[in-house]
Each structure stands twice: as C-alpha cells, then as structure tokens.
Amino acid sequence: MRSILSVLAGFVAMVILVMIATGLAVKFMLHASDMQSAMKLKLTPPYLAVNLAYSAIFAILGGFITANIAARAPLMHAFALAGLMLVMAVVFFSKASRPSSQDGMDW
C-alpha cells in the first residue's frame, strides 16, 4: 500500500506544481488573462523552453518525493512513476494525433 501511495504522492505533487507554474507562465509570458484566451494564442519559443525546464524540474522533484515516501527500493518506485508518466504520454499523444469529432469532444 505504501508503494502505491508513494507513486501517487509524487504524481500529485508534479501535477499541482506544473499547474501552478503553467498558470504563472501563461499569465506573465503570454500575457493571457485566463486559460481560455491562452488556448487561442501562439506558443512562443521562450515559453516552450521555460515550460520544458520547469516540467523537468518538477518531474525530478516528483521522483524524489516518491523515492522518499517508499519504504523499500526507492529507485524502483521512482522508475514506476516515470513509467506511469510514459504510459500517460503515449495515450495522450495517440489520442491527440487522431482527428477530433465534430463537437470537439473525444472523451
């Protein structure tokens, strides 16, 4: 049970930190007042670079949190978190590469 909770805690920490940082980056780098208007803007190379940098830092931090909470084999738990993120990325990109339906909802 502690293994699952450690991976979940690392994942939740990453999600919260990335959401906060993305909101701040959109506000200050893209000068968008809200996320709806930001979805219509063109992403700039500096914004993408900053996004990639803080995402990588928060991924490392999430792995660190996972490893510290895990009782045994901390590195294996960090790899489990990395594997979970990889699977989620593959699913996201496979769905994103398909054409969307008429109403825009692919749920």
# chains A, B, ... in the order shown; residues from 1 in each chain; ligands from 1
call {"tool": "residues_around", "arguments": {"residues": "range 48-60 of chain A", "least_positions_apart": "4", "cutoff": "9 Å", "atoms": "only C-alpha atoms", "output": "ChimeraX atom specification"}}
result
/A:10-11,13-15,17-18,21-22,25,43-44,64-65,82
call {"tool": "residues_around", "arguments": {"residues": "Tyr47 in chain A", "least_positions_apart": "6", "cutoff": "9 Å", "atoms": "only C-alpha atoms", "output": "PyMOL selection string"}}
result
chain A and resi 25-26+29-30
call {"tool": "write_last_selection", "arguments": {"atoms": "N, CA and C atoms", "output": "mmCIF file, in the first residue's frame"}}
result
data_model
loop_
_atom_site.group_PDB
_atom_site.id
_atom_site.type_symbol
_atom_site.label_atom_id
_atom_site.label_comp_id
_atom_site.auth_asym_id
_atom_site.auth_seq_id
_atom_site.Cartn_x
_atom_site.Cartn_y
_atom_site.Cartn_z
ATOM 1 N N ALA A 25 3.222 31.062 -15.966
ATOM 2 C CA ALA A 25 3.926 31.282 -17.238
ATOM 3 C C ALA A 25 2.982 31.841 -18.293
ATOM 4 N N VAL A 26 1.770 31.330 -18.350
ATOM 5 C CA VAL A 26 0.793 31.839 -19.317
ATOM 6 C C VAL A 26 0.481 33.303 -19.018
ATOM 7 N N MET A 29 4.198 35.319 -19.415
ATOM 8 C CA MET A 29 4.963 35.207 -20.660
ATOM 9 C C MET A 29 4.090 35.362 -21.899
ATOM 10 N N LEU A 30 2.850 34.887 -21.823
ATOM 11 C CA LEU A 30 1.954 35.007 -22.971
ATOM 12 C C LEU A 30 0.962 36.149 -22.799
#
call {"tool": "atom_distance", "arguments": {"atom1": "CA of Ala70 in chain A", "atom2": "CA of Ser3 in chain A"}}
result
5.6 Å
call {"tool": "residues_around", "arguments": {"residues": "Ala9 in chain A", "least_positions_apart": "6", "cutoff": "9 Å", "atoms": "only C-alpha atoms", "output": "ChimeraX atom specification"}}
result
/A:62,65-66,69
call {"tool": "write_last_selection", "arguments": {"atoms": "C-alpha atoms", "output": "tab-separated table (two decimals), in the first residue's frame"}}
result
chain	number	residue	atom	x	y	z
A	62	GLY	CA	8.14	14.12	-8.05
A	65	ILE	CA	9.11	12.62	-3.28
A	66	THR	CA	8.18	9.14	-4.47
A	69	ILE	CA	8.00	8.01	0.78
